Structure formats: C-alpha cells, structure tokens
file entry_32.cif (mmCIF, C-alpha atoms)
data_entry
loop_
_atom_site.label_atom_id
_atom_site.label_comp_id
_atom_site.auth_asym_id
_atom_site.auth_seq_id
_atom_site.Cartn_x
_atom_site.Cartn_y
_atom_site.Cartn_z
CA MET A 1 -21.12 49.59 -53.86
CA ASN A 2 -18.65 49.15 -51.00
CA ILE A 3 -16.95 45.90 -50.03
CA THR A 4 -18.82 44.28 -47.16
CA LEU A 5 -17.67 42.13 -44.26
CA ARG A 6 -20.12 39.52 -45.45
CA GLN A 7 -18.36 39.26 -48.79
CA LEU A 8 -14.99 38.92 -47.12
CA SER A 9 -16.28 36.19 -44.79
CA TYR A 10 -17.75 34.33 -47.76
CA LEU A 11 -14.43 34.49 -49.60
CA ILE A 12 -12.62 33.10 -46.56
CA ALA A 13 -15.11 30.24 -46.27
CA LEU A 14 -14.81 29.43 -49.97
CA ALA A 15 -11.00 29.48 -49.88
CA GLU A 16 -10.91 27.14 -46.89
CA GLU A 17 -13.66 24.75 -47.98
CA ARG A 18 -12.70 24.77 -51.69
CA HIS A 19 -16.28 23.96 -52.55
CA PHE A 20 -19.22 26.35 -53.10
CA GLY A 21 -21.75 24.04 -51.46
CA ARG A 22 -19.69 23.40 -48.33
CA ALA A 23 -18.76 27.06 -48.04
CA ALA A 24 -22.41 28.08 -48.30
CA ALA A 25 -23.40 25.56 -45.62
CA ARG A 26 -20.64 26.85 -43.35
CA VAL A 27 -21.89 30.45 -43.51
CA HIS A 28 -25.55 29.34 -43.44
CA VAL A 29 -26.65 30.66 -46.84
CA THR A 30 -27.68 29.07 -50.11
CA GLN A 31 -25.05 28.34 -52.74
CA PRO A 32 -26.51 30.88 -55.22
CA ALA A 33 -26.43 33.56 -52.53
CA LEU A 34 -22.78 32.89 -51.80
CA SER A 35 -21.89 32.84 -55.51
CA THR A 36 -23.66 36.17 -56.03
CA GLN A 37 -21.74 37.82 -53.22
CA ILE A 38 -18.41 36.53 -54.56
CA ARG A 39 -19.32 37.86 -58.04
CA GLU A 40 -20.23 41.24 -56.59
CA LEU A 41 -16.91 41.36 -54.72
CA GLU A 42 -15.05 40.61 -57.96
CA ASP A 43 -17.03 43.28 -59.80
CA ARG A 44 -16.25 45.82 -57.10
CA LEU A 45 -12.53 45.04 -57.26
CA GLY A 46 -12.47 44.73 -61.03
CA THR A 47 -10.62 41.42 -61.07
CA ALA A 48 -11.30 37.68 -60.84
CA LEU A 49 -10.69 36.17 -57.45
CA ILE A 50 -11.66 32.58 -58.33
CA ASP A 51 -10.11 30.59 -61.17
CA ARG A 52 -13.16 29.15 -62.90
CA THR A 53 -11.30 27.36 -65.70
CA ASP A 54 -11.09 24.21 -63.60
CA ARG A 55 -13.65 22.26 -61.59
CA ALA A 56 -11.45 22.65 -58.54
CA ILE A 57 -11.85 25.82 -56.52
CA ARG A 58 -8.62 27.80 -56.72
CA LEU A 59 -7.86 31.41 -55.99
CA THR A 60 -6.18 33.62 -58.55
CA PRO A 61 -3.07 35.53 -57.42
CA ALA A 62 -5.30 38.55 -56.86
CA GLY A 63 -7.70 36.36 -54.94
CA GLN A 64 -4.92 35.20 -52.63
CA ASP A 65 -3.94 38.83 -51.94
CA VAL A 66 -7.56 39.71 -51.14
CA LEU A 67 -7.88 36.61 -48.95
CA ASP A 68 -4.85 37.65 -46.88
CA GLY A 69 -6.34 41.09 -46.37
CA ALA A 70 -9.77 39.64 -45.60
CA ARG A 71 -8.34 37.47 -42.85
CA ARG A 72 -6.57 40.43 -41.26
CA ILE A 73 -9.73 42.53 -41.39
CA MET A 74 -12.01 39.83 -40.02
CA GLY A 75 -9.51 39.05 -37.28
CA GLU A 76 -9.52 42.68 -36.16
CA VAL A 77 -13.33 42.80 -36.28
CA GLU A 78 -13.45 39.74 -34.07
CA ARG A 79 -11.05 41.31 -31.58
CA ILE A 80 -13.33 44.35 -31.33
CA GLU A 81 -16.40 42.17 -30.87
CA ASN A 82 -14.77 40.01 -28.22
CA ARG A 83 -13.56 42.97 -26.17
CA THR A 84 -17.16 44.09 -25.86
CA ARG A 85 -18.77 40.67 -25.70
CA TRP A 86 -16.86 39.34 -22.69
CA GLN A 87 -16.90 42.49 -20.56
CA GLN A 88 -19.66 41.00 -18.43
CA GLY A 89 -17.80 37.73 -17.86
CA LEU A 90 -19.06 34.29 -18.80
CA SER A 91 -22.47 35.11 -20.27
CA GLY A 92 -24.42 35.13 -23.51
CA ARG A 93 -23.48 32.51 -26.09
CA LEU A 94 -20.45 30.29 -25.59
CA LYS A 95 -19.20 28.02 -28.37
CA LEU A 96 -17.04 25.33 -26.82
CA GLY A 97 -15.13 22.57 -28.60
CA ILE A 98 -14.12 19.36 -26.84
CA ILE A 99 -12.34 16.17 -27.89
CA PRO A 100 -14.19 12.79 -27.86
CA THR A 101 -11.91 11.21 -25.24
CA VAL A 102 -12.96 13.88 -22.74
CA ALA A 103 -16.48 14.96 -23.73
CA PRO A 104 -18.60 11.99 -22.54
CA TYR A 105 -16.89 11.92 -19.15
CA LEU A 106 -16.36 15.58 -18.22
CA LEU A 107 -19.50 17.15 -19.70
CA PRO A 108 -22.10 15.29 -17.56
CA VAL A 109 -20.37 16.69 -14.48
CA ALA A 110 -19.48 20.12 -15.85
CA LEU A 111 -22.76 21.06 -17.53
CA PRO A 112 -24.84 21.16 -14.32
CA ARG A 113 -22.19 23.41 -12.79
CA LEU A 114 -22.37 25.78 -15.74
CA ARG A 115 -26.16 25.75 -15.59
CA MET A 116 -26.16 26.49 -11.86
CA ARG A 117 -23.88 29.45 -12.42
CA ASP A 118 -26.06 31.04 -15.11
CA VAL A 119 -29.22 29.42 -16.45
CA THR A 120 -29.26 31.92 -19.33
CA LEU A 121 -25.87 30.82 -20.71
CA ASP A 122 -26.39 29.68 -24.31
CA LEU A 123 -23.84 26.87 -24.59
CA ARG A 124 -23.08 25.43 -28.03
CA LEU A 125 -20.92 22.29 -27.94
CA PHE A 126 -18.78 20.92 -30.76
CA GLU A 127 -17.25 17.46 -30.27
CA ALA A 128 -14.55 16.42 -32.74
CA LYS A 129 -10.99 15.16 -32.98
CA THR A 130 -8.24 17.53 -31.93
CA GLU A 131 -7.25 18.73 -35.39
CA ARG A 132 -10.82 19.61 -36.34
CA VAL A 133 -11.46 21.34 -33.01
CA LEU A 134 -8.33 23.46 -33.34
CA ASP A 135 -9.18 24.32 -36.95
CA ALA A 136 -12.64 25.47 -35.86
CA LEU A 137 -11.08 27.50 -33.07
CA GLY A 138 -8.66 29.12 -35.48
CA ASP A 139 -11.46 29.93 -37.92
CA GLY A 140 -13.44 31.70 -35.21
CA GLU A 141 -16.18 29.08 -35.10
CA LEU A 142 -15.41 28.40 -31.42
CA ASP A 143 -14.67 30.62 -28.45
CA ALA A 144 -12.64 28.03 -26.57
CA ALA A 145 -11.79 24.33 -26.64
CA VAL A 146 -10.89 21.50 -24.28
CA VAL A 147 -7.93 19.53 -25.64
CA ALA A 148 -4.71 17.91 -24.51
CA ILE A 149 -2.02 20.53 -24.02
CA PRO A 150 0.37 21.78 -25.12
CA ALA A 151 -1.63 21.95 -28.34
CA GLY A 152 1.42 22.91 -30.38
CA VAL A 153 -0.42 25.72 -32.16
CA PRO A 154 0.98 29.27 -31.98
CA GLY A 155 -1.24 32.11 -30.89
CA LEU A 156 -3.20 30.19 -28.26
CA VAL A 157 -3.73 30.92 -24.58
CA GLU A 158 -3.71 27.67 -22.59
CA GLN A 159 -5.04 27.04 -19.08
CA PRO A 160 -4.34 23.60 -17.55
CA LEU A 161 -7.45 21.90 -16.15
CA PHE A 162 -6.35 18.52 -14.83
CA ARG A 163 -3.76 15.77 -14.99
CA ASP A 164 -5.24 12.66 -16.58
CA ARG A 165 -3.27 9.50 -15.71
CA PHE A 166 -3.03 6.58 -18.09
CA LEU A 167 -3.74 3.09 -16.77
CA LEU A 168 -3.22 -0.28 -18.38
CA ALA A 169 -6.52 -1.85 -19.48
CA ALA A 170 -6.89 -5.52 -20.39
CA SER A 171 -9.21 -8.44 -19.80
CA ARG A 172 -9.79 -9.41 -16.17
CA GLY A 173 -7.76 -12.57 -16.60
CA SER A 174 -4.80 -10.72 -18.05
CA VAL A 175 -4.81 -8.12 -15.28
CA ALA A 176 -5.07 -10.87 -12.64
CA ARG A 177 -1.98 -12.57 -14.05
CA LEU A 178 -0.08 -9.29 -14.05
CA ASN A 179 -1.12 -8.56 -10.46
CA ALA A 180 0.08 -12.01 -9.41
CA ARG A 181 3.61 -11.00 -10.36
CA GLY A 182 3.49 -8.19 -7.77
CA GLU A 183 4.97 -5.59 -10.08
CA ARG A 184 3.44 -2.62 -11.79
CA PRO A 185 3.82 -2.59 -15.58
CA VAL A 186 6.12 -0.19 -17.42
CA PRO A 187 4.73 1.36 -20.64
CA SER A 188 7.92 0.83 -22.63
CA ASN A 189 7.83 -2.89 -21.81
CA LEU A 190 4.38 -3.46 -23.31
CA ASN A 191 4.19 -5.71 -26.35
CA PRO A 192 3.44 -3.43 -29.33
CA ASN A 193 1.90 -6.40 -31.13
CA ALA A 194 -0.86 -6.47 -28.51
CA LEU A 195 -1.40 -2.72 -28.22
CA LEU A 196 -4.85 -1.61 -29.34
CA LEU A 197 -5.36 1.99 -30.43
CA LEU A 198 -8.04 4.40 -31.50
CA ASP A 199 -8.27 5.30 -35.18
CA GLU A 200 -5.78 7.75 -36.62
CA GLY A 201 -6.65 11.33 -35.86
CA HIS A 202 -7.39 10.67 -32.20
CA CYS A 203 -4.71 12.39 -30.15
CA LEU A 204 -5.12 9.71 -27.47
CA ALA A 205 -3.68 7.12 -29.86
CA ASP A 206 -0.63 9.28 -30.54
CA GLN A 207 -0.19 9.90 -26.81
CA ALA A 208 -0.32 6.17 -26.11
CA LEU A 209 2.33 5.50 -28.72
CA ASP A 210 4.55 8.25 -27.30
CA VAL A 211 4.19 6.85 -23.79
CA CYS A 212 5.12 3.36 -24.98
CA GLY A 213 8.00 4.62 -27.11
CA THR A 214 6.76 2.91 -30.25
CA ARG A 215 5.27 3.76 -33.66
CA ARG A 216 1.90 2.92 -35.12
CA GLU A 217 3.63 0.86 -37.80
CA ALA A 218 5.07 -1.35 -35.05
CA THR A 219 1.63 -2.41 -33.82
CA ARG A 220 0.78 -5.43 -35.90
CA VAL A 221 -2.66 -6.12 -34.48
CA ASP A 222 -4.89 -4.40 -37.02
CA LEU A 223 -7.69 -3.63 -34.58
CA ARG A 224 -8.46 0.06 -34.29
CA ALA A 225 -11.55 1.55 -32.70
CA SER A 226 -13.36 4.77 -33.45
CA SER A 227 -14.34 5.34 -29.82
CA LEU A 228 -13.20 4.45 -26.33
CA PRO A 229 -16.28 2.26 -25.60
CA THR A 230 -15.51 0.17 -28.69
CA LEU A 231 -11.85 -0.05 -27.72
CA CYS A 232 -12.79 -1.19 -24.21
CA GLY A 233 -15.06 -3.89 -25.63
CA MET A 234 -12.20 -5.24 -27.74
CA VAL A 235 -9.86 -5.23 -24.76
CA ALA A 236 -12.41 -7.00 -22.56
CA ALA A 237 -12.80 -9.69 -25.21
CA GLY A 238 -9.09 -10.47 -24.93
CA PHE A 239 -7.86 -8.97 -28.21
CA GLY A 240 -5.09 -7.00 -26.53
CA GLN A 241 -4.23 -4.19 -24.15
CA THR A 242 -4.57 -0.44 -24.26
CA LEU A 243 -3.85 2.72 -22.26
CA LEU A 244 -7.03 4.11 -20.75
CA PRO A 245 -7.29 7.68 -19.43
CA GLU A 246 -8.29 7.93 -15.78
CA ILE A 247 -11.17 10.28 -16.58
CA SER A 248 -12.95 7.45 -18.42
CA LEU A 249 -12.57 4.71 -15.81
CA ALA A 250 -15.81 5.01 -13.86
CA LYS A 251 -17.97 4.97 -16.95
CA GLU A 252 -16.10 2.45 -19.06
CA CYS A 253 -15.34 -0.06 -16.30
CA ALA A 254 -19.00 -0.04 -15.27
CA ALA A 255 -20.08 -0.59 -18.87
CA VAL A 256 -17.56 -3.38 -19.53
CA PRO A 257 -17.18 -5.49 -16.34
CA GLU A 258 -15.01 -8.02 -18.19
CA MET A 259 -12.28 -5.37 -18.43
CA ASP A 260 -9.93 -4.46 -15.60
CA VAL A 261 -7.21 -1.83 -15.16
CA MET A 262 -4.03 -1.41 -13.18
CA PRO A 263 -1.71 1.57 -12.63
CA PHE A 264 1.71 1.83 -14.19
CA ALA A 265 4.95 2.06 -12.25
CA ASP A 266 6.17 5.52 -11.27
CA PRO A 267 6.52 7.92 -12.92
CA GLU A 268 2.96 7.23 -14.05
CA PRO A 269 2.30 8.33 -17.64
CA HIS A 270 -0.33 11.01 -18.08
CA ARG A 271 -1.67 13.74 -20.31
CA VAL A 272 -2.67 17.27 -19.32
CA ILE A 273 -6.12 18.41 -20.40
CA GLY A 274 -6.48 22.14 -20.79
CA LEU A 275 -8.75 24.92 -21.95
CA VAL A 276 -7.48 26.92 -24.91
CA ARG A 277 -8.52 30.05 -26.77
CA ARG A 278 -7.00 32.33 -29.34
CA ASP A 279 -4.94 35.21 -28.03
CA LEU A 280 -7.16 38.08 -29.20
CA GLY A 281 -6.37 40.48 -26.38
CA GLY A 282 -8.98 42.04 -24.14
CA THR A 283 -10.42 40.61 -20.94
CA ASP A 284 -10.00 36.93 -20.17
CA ALA A 285 -12.09 36.80 -16.98
CA TRP A 286 -14.68 34.65 -18.77
CA PHE A 287 -11.96 32.24 -19.85
CA THR A 288 -10.52 31.93 -16.36
CA GLU A 289 -13.99 31.44 -14.90
CA LEU A 290 -14.83 28.73 -17.42
CA GLY A 291 -11.54 27.01 -16.69
CA ASP A 292 -12.20 27.07 -12.95
CA ILE A 293 -15.63 25.47 -13.46
CA LEU A 294 -14.22 22.72 -15.69
CA ALA A 295 -11.31 22.08 -13.32
CA ALA A 296 -13.70 21.75 -10.37
CA ALA A 297 -15.82 19.30 -12.38
CA SER A 298 -12.76 17.21 -13.18
CA GLU A 299 -11.73 17.17 -9.52
CA GLN A 300 -15.18 15.86 -8.63
CA LEU A 301 -14.96 13.25 -11.38
CA LEU A 302 -11.46 12.05 -10.55
CA GLY A 303 -11.93 12.20 -6.79
CA HIS A 304 -8.66 13.99 -6.12
CA ASP A 305 -6.87 17.27 -6.72
CA ALA A 306 -7.00 17.66 -10.48
CA ALA A 307 -4.51 20.51 -10.78
CA ALA A 308 -1.89 19.86 -13.43
#

call {"tool": "encode", "arguments": {"input": "entry_32.cif", "output": "structure tokens"}}
result
Amino acid sequence: MNITLRQLSYLIALAEERHFGRAAARVHVTQPALSTQIRELEDRLGTALIDRTDRAIRLTPAGQDVLDGARRIMGEVERIENRTRWQQGLSGRLKLGIIPTVAPYLLPVALPRLRMRDVTLDLRLFEAKTERVLDALGDGELDAAVVAIPAGVPGLVEQPLFRDRFLLAASRGSVARLNARGERPVPSNLNPNALLLLDEGHCLADQALDVCGTRREATRVDLRASSLPTLCGMVAAGFGQTLLPEISLAKECAAVPEMDVMPFADPEPHRVIGLVRRDLGGTDAWFTELGDILAAASEQLLGHDAAA
C-alpha cells in the first residue's frame, strides 16, 4: 500500500493539534478513522511516528522527519491546486479570515459588493484574533485574511486596504471638558491608569499601547473587554478612555450615545488594514480583485479616500 496524501494531512493535523480528537475534528473525520490512517502510515514506513508511552501526543524522531517531509509535499500540492483554481479569477469557494475589530464594520458593506460581482461565489468567513487567523492561513485553512499590516510573518503577500485612524473615546462629559481646552489630545499624554483595553490577544490592544508609548503592566485599571461594543459601554459609563478605530465609529457611537470621540493632534495615530495571503506563486488576479472590492467598501464606510 502506498503512502497517501490523506495520511500525510492527518499526521500534520495530529502534530499541530496534539490531540487525536481535535485533529480528527479539524480534518472532518472520526477519531478512529484518523487513528487507523496513522497506524497504516506507520506500518507502511515500518516505524513508529507517535510516542504512545505518554498521554501527551508527541512525535518520535522518525515522526518529526516524516512531518517535515509531509509539510513540504502538502505545500507543493497546494501550490499546484491554487495555480489551477484561481486561473478564472475570484470565483468558486473563497475562505477568508478577518479580525474581530474589522469584521462587524467592513463585512456589512463589503459582502453586498462581493455578491453583486458574482452571486455564485461560495464565501466562507472565519472571524478570530490575529494570531489564530494567521495560523489558519499558514495551515492552508484560509485563502486570504484581513488583518493589520505589516503582519510580521514571513512568506506573506500583503496588499494595503485602508488607513484606519485612532480617535480618543470617552464619556460625553469627559470629551466636552477636553474640547473646552481647545487642544487636541496627544496619545503619549494619556493617563495609562485610565486607559481601557481589549483582552490580551487582540492586536488592537497592542496597537493602542504602542501608540501611547506604554505597557499593559502600566495600566492599573483592571477593566478589559472581549469586544469593542463592551469596551465602548465601559467608556460611556465613565470607567476610562480608549482608542477607537475610525472604522467602528458609525456603528459604536450610534449604539452608545453616552460615548463621544475626538481626533488626536497631528500626526494622527492609525493602523493600516490589509489583505494577506501566502506567497504560493501563480496568478494573483483574484487576490488583487478581492483587495480592490474590500478597499472600495472601506472607502464607502469611512467616507473618504481609504488608500493607505
């Protein structure tokens, strides 16, 4: 019996998930089916690939060698598939990842544009924090992703979509007092003790800290939100201030009228949101077309030229 691509993909899933059940769920088979294929691969190679002397899932040295080869083989298979798949441009099935601080604002504007372009496009969306999105992209689970760039990951092609300014968000009373001074705030002058952030793992929180020139440990107000709507509610209630991305303003300010925002002094802090994919070679017309659609949607949403 020859080694199959299925067996190699199962080994990769098992090595990365380190759990038979999770690996089986990832490749959409039952756990016994995955275990059988791994056993058959070991029998074919005549060596153990998984160390079964411990409850933890660990590869043997031979297993690590096979895993390295499996990744090279599956990567080349994917390159071949993608060269053929995207010859006709943006069509068929598209698996797109997007971060939570962009998804609820950009997608309602972008999806109708994608649908108008091709009603047969089978779009699969995956919303998660940046690290998880990039991991899924690297594992081949996604075709492209919308994240803040530069992503800092080698082997990616990045296309800027729009420049997303940060604004100071606080309760209406706080913003009114700041406006009365007649000066725009400076991020580095904000009180870190009053700075509210998203939970760890959200790139927006790290970006806010970078803009303000501080560290998470320096923020003593232990109020962290899992989403921007929750964060805005805390700000509106007077618990502190935060940096809000411009793309979210229309939706969040309408939902929380007790919150107000004001721009920072020049140079205004911002992030660049971009579309990324792995550099697998072949045509990228589909990628450019998708980027153009998303950039046009962001321009409509922001009400100005969104080019980065």

call {"tool": "resolve_selection", "arguments": {"input": "entry_32.cif", "expression": "the PyMOL selection byres ((chain A and resi 247) around 7)", "output": "PyMOL selection string"}}
result
chain A and resi 105+164+245-246+248-249+302

call {"tool": "closest_residue", "arguments": {"input": "entry_32.cif", "among": "A:Ala169, A:Val276, A:Ser91, A:Ala265", "to": "Leu114 (chain A)", "atoms": "only C-alpha atoms"}}
result
A:Ser91

call {"tool": "closest_residue", "arguments": {"input": "entry_32.cif", "among": "A:Met262, A:Arg113, A:Leu280, A:Gly152", "to": "Ile293 (chain A)", "atoms": "only C-alpha atoms"}}
result
A:Arg113

call {"tool": "resolve_selection", "arguments": {"input": "entry_32.cif", "expression": "the PyMOL selection byres ((chain A and resi 291) around 12)", "output": "PyMOL selection string"}}
result
chain A and resi 90+96+110+113-114+144-146+157-162+273-277+284-290+292-298+307

call {"tool": "residues_around", "arguments": {"input": "entry_32.cif", "residues": "Gly140 (chain A)", "least_positions_apart": "4", "cutoff": "10 Å", "atoms": "only C-alpha atoms", "output": "PyMOL selection string"}}
result
chain A and resi 74-75+78+95+134-136+144+277-278

call {"tool": "resolve_selection", "arguments": {"input": "entry_32.cif", "expression": "the PyMOL selection byres ((chain A and resi 48-62) around 9)", "output": "PDB file with C-alpha atoms, in the frame of the given file"}}
result
ATOM      1  CA  LEU A  11     -14.430  34.490 -49.600  1.00  0.00           C
ATOM      2  CA  LEU A  14     -14.810  29.430 -49.970  1.00  0.00           C
ATOM      3  CA  ALA A  15     -11.000  29.480 -49.880  1.00  0.00           C
ATOM      4  CA  GLU A  17     -13.660  24.750 -47.980  1.00  0.00           C
ATOM      5  CA  ARG A  18     -12.700  24.770 -51.690  1.00  0.00           C
ATOM      6  CA  HIS A  19     -16.280  23.960 -52.550  1.00  0.00           C
ATOM      7  CA  PHE A  20     -19.220  26.350 -53.100  1.00  0.00           C
ATOM      8  CA  ILE A  38     -18.410  36.530 -54.560  1.00  0.00           C
ATOM      9  CA  ARG A  39     -19.320  37.860 -58.040  1.00  0.00           C
ATOM     10  CA  LEU A  41     -16.910  41.360 -54.720  1.00  0.00           C
ATOM     11  CA  GLU A  42     -15.050  40.610 -57.960  1.00  0.00           C
ATOM     12  CA  ASP A  43     -17.030  43.280 -59.800  1.00  0.00           C
ATOM     13  CA  LEU A  45     -12.530  45.040 -57.260  1.00  0.00           C
ATOM     14  CA  GLY A  46     -12.470  44.730 -61.030  1.00  0.00           C
ATOM     15  CA  THR A  47     -10.620  41.420 -61.070  1.00  0.00           C
ATOM     16  CA  GLY A  63      -7.700  36.360 -54.940  1.00  0.00           C
ATOM     17  CA  GLN A  64      -4.920  35.200 -52.630  1.00  0.00           C
ATOM     18  CA  ASP A  65      -3.940  38.830 -51.940  1.00  0.00           C
ATOM     19  CA  VAL A  66      -7.560  39.710 -51.140  1.00  0.00           C
ATOM     20  CA  LEU A  67      -7.880  36.610 -48.950  1.00  0.00           C
TER      21      LEU A  67
END

call {"tool": "atom_distance", "arguments": {"input": "entry_32.cif", "atom1": "CA of Gln300 (chain A)", "atom2": "CA of Leu125 (chain A)"}}
result
21.1 Å

call {"tool": "residues_near_point", "arguments": {"input": "entry_32.cif", "point": "(-0.9, 19.5, -24.1)", "cutoff": "8 Å", "atoms": "all atoms listed in the file", "output": "CSV table (one decimal) with C-alpha atoms, in the frame of the given file"}}
result
chain,number,residue,atom,x,y,z
A,147,VAL,CA,-7.9,19.5,-25.6
A,148,ALA,CA,-4.7,17.9,-24.5
A,149,ILE,CA,-2.0,20.5,-24.0
A,150,PRO,CA,0.4,21.8,-25.1
A,151,ALA,CA,-1.6,22.0,-28.3
A,152,GLY,CA,1.4,22.9,-30.4
A,271,ARG,CA,-1.7,13.7,-20.3
A,272,VAL,CA,-2.7,17.3,-19.3
A,273,ILE,CA,-6.1,18.4,-20.4
A,274,GLY,CA,-6.5,22.1,-20.8

call {"tool": "closest_residue", "arguments": {"input": "entry_32.cif", "among": "A:Phe166, A:Gly238, A:Pro104, A:Gly213", "to": "Lys251 (chain A)", "atoms": "only C-alpha atoms"}}
result
A:Pro104

call {"tool": "atom_distance", "arguments": {"input": "entry_32.cif", "atom1": "CA of Glu183 (chain A)", "atom2": "CA of Cys212 (chain A)"}}
result
17.4 Å

call {"tool": "atom_distance", "arguments": {"input": "entry_32.cif", "atom1": "CA of Arg184 (chain A)", "atom2": "CA of Phe264 (chain A)"}}
result
5.3 Å

call {"tool": "closest_residue", "arguments": {"input": "entry_32.cif", "among": "A:Val77, A:Leu34, A:Ala237, A:Val261", "to": "Leu178 (chain A)", "atoms": "all atoms listed in the file"}}
result
A:Val261

call {"tool": "residues_around", "arguments": {"input": "entry_32.cif", "residues": "Arg132 (chain A)", "least_positions_apart": "2", "cutoff": "12 Å", "atoms": "only C-alpha atoms", "output": "list in words"}}
result
Gly97, Ile98, Ile99, Pro100, Phe126, Glu127, Ala128, Lys129, Thr130, Leu134, Asp135, Ala136, Leu137, Gly138, Asp139, Glu141, Leu142, Ala145, Val147, Gly201, His202 and Cys203 of chain A

call {"tool": "closest_residue", "arguments": {"input": "entry_32.cif", "among": "A:Leu231, A:Ala208, A:Ala13, A:Val256", "to": "Arg71 (chain A)", "atoms": "only C-alpha atoms"}}
result
A:Ala13

call {"tool": "residues_around", "arguments": {"input": "entry_32.cif", "residues": "Ala176 (chain A)", "least_positions_apart": "5", "cutoff": "9 Å", "atoms": "only C-alpha atoms", "output": "PDB file with C-alpha atoms, in the frame of the given file"}}
result
ATOM      1  CA  SER A 171      -9.210  -8.440 -19.800  1.00  0.00           C
ATOM      2  CA  ARG A 181       3.610 -11.000 -10.360  1.00  0.00           C
ATOM      3  CA  ASP A 260      -9.930  -4.460 -15.600  1.00  0.00           C
TER       4      ASP A 260
END

call {"tool": "closest_residue", "arguments": {"input": "entry_32.cif", "among": "A:Asp199, A:Pro263, A:Asn2, A:Arg26", "to": "Leu228 (chain A)", "atoms": "only C-alpha atoms"}}
result
A:Asp199
